[in-house]
Amino acid sequence: MVNVVSMSVADVERARWRDVFGHAEFRALFLAGVLSVAGDQLARVALSVLVFDRTASAGLTAVTYALTYIPDLLFGPLLAGFADRYPRRTVMIVTDLARAILVAAMAIQALPLLAVILLLVALQAFGSPFNAARGATLPAVLPGDHYVLGKAANDMVVQFSQVLGFGFGGAVVVAVGTSGGLLLDAATFLLSAVLVSFGVRRRPVPSSGTDESPESYLKDLLSGVSLVARTPKLRTLVLLATIAGFYVTVEGLAVPYAHQIGHGTTAAGVLLAASPAGCVVGMWLITLWPPERRMKLLGPLAVAACVPLAFCALQPGPAVTFGLWALSGAASAYHLPTSAAFVQAVPDHQRGKAFGVAGTALKGSQGLGILLVGVLAEPFGAANALAVMGVTGALLAAAAGAAWTRARRIGDDSGITVG
């Protein structure tokens, strides 16, 4: 039985933004996240430009971008388990330092493209334990209803960081080159490690309250998968999250799409900023809704996140495309209540591996989606490939939403209360 404190509308209303930011540890985690995400988006723009400049291939550009997600599919559940085995503060610091070194190595211009790609895979593999440790620490830092608002603030600013990273990424890469952009990303990881070192207090390894010895890594992975798979609500929440694999495809084809409609790198950076910009607005709006409404609208919002991509087949100009991608981003804000409900439904000593399973499903779907849209872009062009993914995603999102409605109506015997 998994016991979770049920949150009522009144509980959410009592939480105030100033209370959330009154937690010093949250401020440190908050700023560390802003730095890391902004740097990551800058690096993604730099890598997309690097690959497209060297190969002039939309497919290879999308494939390389997809590699920023695929390591989560391969290593996510296993490496995320480190967040349950070791002090989470230590995990965050070590992985930040490792990523700073890897990104700095990627900036070496003499490296062949294959070496850069291998470093990219290693870089993203280190992201799994960092994200799991950070995600599992937030509920300990922000108790009760503070967590929901704290996660909203965190996710909104993370999206805003993407706006900055993507929006200015193209201009920065033009100004300092791809190597300069990657070195700036390395600096953000170093600053993140410093913030965690001085701003987050040491906590012991989370315990289940029993004397059981730690499971093997394989059993650790399987127990995380089992926890999610046997709980209908958790399972459908993860299913809804994987719809992101369809609408995130705009990121993988932004550079080729911008060229197809007659614009260049700077326009691609601006277009990449559209989805996170819309998501910031969407998250703010969704925090104004009562919890019950949020839960009811998860399915419709997932559908709405995919539909705008269908209009890319018309190859509208940058302004209209920006609006379409922003609408998609606004609807994608359904991930906020989805992820908050998921994390709060899992006991502290299992949050790392459960977070790893959910994160793997999400990142894996995103990576596979970008790989697929890259394959489609070669024969059909970037615009048509995005349209196909939008239509397909909308249909699958409708099915996932129906499954979520059934899971909420029927309930389950796990004792979990979501929303």
# chains A, B, ... in the order shown; residues from 1 in each chain; ligands from 1

$ residues_around --residues "Arg27 (chain A)" --least-positions-apart "5" --cutoff "8 Å" --atoms "only C-alpha atoms" --output "PyMOL selection string"
chain A and resi 21-22+199

$ residues_around --residues "region 380-394 of chain A" --least-positions-apart "4" --cutoff "6 Å" --atoms "only C-alpha atoms" --output "JSON, numbers by chain"
{"A": [246, 257, 303, 306, 307, 309, 310, 312, 313, 373, 376]}

$ select_by_dssp --residues "region 138-383 of chain A" --states "helix (DSSP H, G or I)" --output "PyMOL selection string"
chain A and resi 138-141+145-167+169-199+217-229+232-241+244-247+249-252+254-260+265-287+291-296+298-314+318-344+348-380+382-383

$ decode --residues "region 219-267 of chain A" --atoms "N, CA and C atoms" --output "mmCIF file, in the first residue's frame"
data_model
loop_
_atom_site.group_PDB
_atom_site.id
_atom_site.type_symbol
_atom_site.label_atom_id
_atom_site.label_comp_id
_atom_site.auth_asym_id
_atom_site.auth_seq_id
_atom_site.Cartn_x
_atom_site.Cartn_y
_atom_site.Cartn_z
ATOM 1 N N LYS A 219 17.520 -5.650 -10.012
ATOM 2 C CA LYS A 219 16.280 -5.709 -9.237
ATOM 3 C C LYS A 219 15.756 -4.304 -8.949
ATOM 4 N N ASP A 220 16.689 -3.375 -8.738
ATOM 5 C CA ASP A 220 16.291 -1.985 -8.508
ATOM 6 C C ASP A 220 15.530 -1.453 -9.714
ATOM 7 N N LEU A 221 16.053 -1.740 -10.895
ATOM 8 C CA LEU A 221 15.403 -1.298 -12.118
ATOM 9 C C LEU A 221 14.030 -1.948 -12.265
ATOM 10 N N LEU A 222 13.986 -3.271 -12.062
ATOM 11 C CA LEU A 222 12.735 -3.996 -12.248
ATOM 12 C C LEU A 222 11.677 -3.590 -11.238
ATOM 13 N N SER A 223 12.110 -3.272 -10.001
ATOM 14 C CA SER A 223 11.122 -2.873 -8.996
ATOM 15 C C SER A 223 10.507 -1.514 -9.340
ATOM 16 N N GLY A 224 11.313 -0.621 -9.939
ATOM 17 C CA GLY A 224 10.780 0.664 -10.369
ATOM 18 C C GLY A 224 9.779 0.505 -11.493
ATOM 19 N N VAL A 225 10.111 -0.359 -12.455
ATOM 20 C CA VAL A 225 9.193 -0.626 -13.559
ATOM 21 C C VAL A 225 7.915 -1.267 -13.033
ATOM 22 N N SER A 226 8.067 -2.210 -12.091
ATOM 23 C CA SER A 226 6.906 -2.915 -11.534
ATOM 24 C C SER A 226 5.982 -1.962 -10.787
ATOM 25 N N LEU A 227 6.574 -1.044 -10.027
ATOM 26 C CA LEU A 227 5.772 -0.083 -9.262
ATOM 27 C C LEU A 227 4.858 0.713 -10.184
ATOM 28 N N VAL A 228 5.410 1.169 -11.298
ATOM 29 C CA VAL A 228 4.620 1.958 -12.245
ATOM 30 C C VAL A 228 3.632 1.080 -12.996
ATOM 31 N N ALA A 229 4.091 -0.083 -13.444
ATOM 32 C CA ALA A 229 3.260 -0.934 -14.292
ATOM 33 C C ALA A 229 2.040 -1.484 -13.559
ATOM 34 N N ARG A 230 2.163 -1.763 -12.253
ATOM 35 C CA ARG A 230 1.051 -2.393 -11.544
ATOM 36 C C ARG A 230 0.050 -1.388 -10.973
ATOM 37 N N THR A 231 0.339 -0.085 -11.125
ATOM 38 C CA THR A 231 -0.549 0.941 -10.594
ATOM 39 C C THR A 231 -1.223 1.667 -11.744
ATOM 40 N N PRO A 232 -2.530 1.447 -11.960
ATOM 41 C CA PRO A 232 -3.203 2.013 -13.145
ATOM 42 C C PRO A 232 -3.019 3.514 -13.306
ATOM 43 N N LYS A 233 -3.166 4.275 -12.225
ATOM 44 C CA LYS A 233 -3.049 5.735 -12.371
ATOM 45 C C LYS A 233 -1.634 6.154 -12.735
ATOM 46 N N LEU A 234 -0.639 5.551 -12.092
ATOM 47 C CA LEU A 234 0.742 5.878 -12.441
ATOM 48 C C LEU A 234 1.030 5.492 -13.884
ATOM 49 N N ARG A 235 0.520 4.345 -14.279
ATOM 50 C CA ARG A 235 0.757 3.849 -15.632
ATOM 51 C C ARG A 235 0.177 4.793 -16.677
ATOM 52 N N THR A 236 -1.043 5.257 -16.453
ATOM 53 C CA THR A 236 -1.664 6.142 -17.438
ATOM 54 C C THR A 236 -1.057 7.539 -17.411
ATOM 55 N N LEU A 237 -0.577 7.983 -16.253
ATOM 56 C CA LEU A 237 0.128 9.267 -16.194
ATOM 57 C C LEU A 237 1.383 9.220 -17.053
ATOM 58 N N VAL A 238 2.116 8.099 -16.987
ATOM 59 C CA VAL A 238 3.307 7.941 -17.819
ATOM 60 C C VAL A 238 2.922 7.878 -19.294
ATOM 61 N N LEU A 239 1.831 7.191 -19.599
ATOM 62 C CA LEU A 239 1.369 7.105 -20.985
ATOM 63 C C LEU A 239 1.064 8.491 -21.548
ATOM 64 N N LEU A 240 0.383 9.315 -20.763
ATOM 65 C CA LEU A 240 0.097 10.680 -21.202
ATOM 66 C C LEU A 240 1.381 11.477 -21.412
ATOM 67 N N ALA A 241 2.359 11.262 -20.543
ATOM 68 C CA ALA A 241 3.624 11.996 -20.674
ATOM 69 C C ALA A 241 4.339 11.665 -21.977
ATOM 70 N N THR A 242 4.218 10.409 -22.433
ATOM 71 C CA THR A 242 4.951 10.010 -23.641
ATOM 72 C C THR A 242 4.402 10.636 -24.916
ATOM 73 N N ILE A 243 3.231 11.266 -24.852
ATOM 74 C CA ILE A 243 2.712 11.977 -26.028
ATOM 75 C C ILE A 243 3.665 13.100 -26.426
ATOM 76 N N ALA A 244 4.506 13.532 -25.495
ATOM 77 C CA ALA A 244 5.494 14.567 -25.807
ATOM 78 C C ALA A 244 6.388 14.176 -26.974
ATOM 79 N N GLY A 245 6.535 12.865 -27.211
ATOM 80 C CA GLY A 245 7.371 12.411 -28.307
ATOM 81 C C GLY A 245 6.900 12.872 -29.669
ATOM 82 N N PHE A 246 5.643 13.304 -29.766
ATOM 83 C CA PHE A 246 5.110 13.752 -31.058
ATOM 84 C C PHE A 246 5.279 15.253 -31.251
ATOM 85 N N TYR A 247 4.990 16.049 -30.225
ATOM 86 C CA TYR A 247 5.067 17.492 -30.448
ATOM 87 C C TYR A 247 6.459 18.069 -30.181
ATOM 88 N N VAL A 248 7.339 17.304 -29.524
ATOM 89 C CA VAL A 248 8.705 17.790 -29.306
ATOM 90 C C VAL A 248 9.510 17.757 -30.607
ATOM 91 N N THR A 249 8.961 17.133 -31.634
ATOM 92 C CA THR A 249 9.670 16.990 -32.907
ATOM 93 C C THR A 249 10.015 18.326 -33.555
ATOM 94 N N VAL A 250 9.320 19.397 -33.152
ATOM 95 C CA VAL A 250 9.659 20.712 -33.715
ATOM 96 C C VAL A 250 11.091 21.094 -33.364
ATOM 97 N N GLU A 251 11.586 20.594 -32.231
ATOM 98 C CA GLU A 251 12.955 20.921 -31.838
ATOM 99 C C GLU A 251 13.967 20.260 -32.770
ATOM 100 N N GLY A 252 13.711 19.005 -33.136
ATOM 101 C CA GLY A 252 14.658 18.289 -33.980
ATOM 102 C C GLY A 252 14.738 18.810 -35.399
ATOM 103 N N LEU A 253 13.648 19.408 -35.897
ATOM 104 C CA LEU A 253 13.633 19.870 -37.291
ATOM 105 C C LEU A 253 13.574 21.384 -37.424
ATOM 106 N N ALA A 254 13.795 22.103 -36.337
ATOM 107 C CA ALA A 254 13.683 23.560 -36.396
ATOM 108 C C ALA A 254 14.648 24.170 -37.411
ATOM 109 N N VAL A 255 15.891 23.723 -37.409
ATOM 110 C CA VAL A 255 16.880 24.290 -38.337
ATOM 111 C C VAL A 255 16.529 23.957 -39.785
ATOM 112 N N PRO A 256 16.277 22.673 -40.135
ATOM 113 C CA PRO A 256 15.883 22.380 -41.518
ATOM 114 C C PRO A 256 14.560 23.037 -41.917
ATOM 115 N N TYR A 257 13.603 23.115 -40.994
ATOM 116 C CA TYR A 257 12.315 23.741 -41.305
ATOM 117 C C TYR A 257 12.498 25.230 -41.610
ATOM 118 N N ALA A 258 13.323 25.907 -40.797
ATOM 119 C CA ALA A 258 13.575 27.331 -41.035
ATOM 120 C C ALA A 258 14.183 27.553 -42.418
ATOM 121 N N HIS A 259 15.089 26.669 -42.815
ATOM 122 C CA HIS A 259 15.681 26.793 -44.150
ATOM 123 C C HIS A 259 14.647 26.486 -45.236
ATOM 124 N N GLN A 260 13.752 25.546 -44.982
ATOM 125 C CA GLN A 260 12.749 25.181 -45.985
ATOM 126 C C GLN A 260 11.791 26.329 -46.263
ATOM 127 N N ILE A 261 11.489 27.143 -45.233
ATOM 128 C CA ILE A 261 10.574 28.274 -45.451
ATOM 129 C C ILE A 261 11.334 29.561 -45.777
ATOM 130 N N GLY A 262 12.629 29.415 -46.071
ATOM 131 C CA GLY A 262 13.397 30.547 -46.574
ATOM 132 C C GLY A 262 14.093 31.395 -45.541
ATOM 133 N N HIS A 263 14.368 30.861 -44.352
ATOM 134 C CA HIS A 263 15.059 31.606 -43.306
ATOM 135 C C HIS A 263 16.237 30.793 -42.781
ATOM 136 N N GLY A 264 17.022 31.393 -41.872
ATOM 137 C CA GLY A 264 18.263 30.765 -41.451
ATOM 138 C C GLY A 264 18.345 30.436 -39.980
ATOM 139 N N THR A 265 19.580 30.426 -39.459
ATOM 140 C CA THR A 265 19.864 29.968 -38.103
ATOM 141 C C THR A 265 19.202 30.833 -37.041
ATOM 142 N N THR A 266 19.264 32.141 -37.199
ATOM 143 C CA THR A 266 18.650 33.029 -36.203
ATOM 144 C C THR A 266 17.146 32.786 -36.112
ATOM 145 N N ALA A 267 16.492 32.601 -37.272
ATOM 146 C CA ALA A 267 15.057 32.307 -37.270
ATOM 147 C C ALA A 267 14.775 30.972 -36.605
#
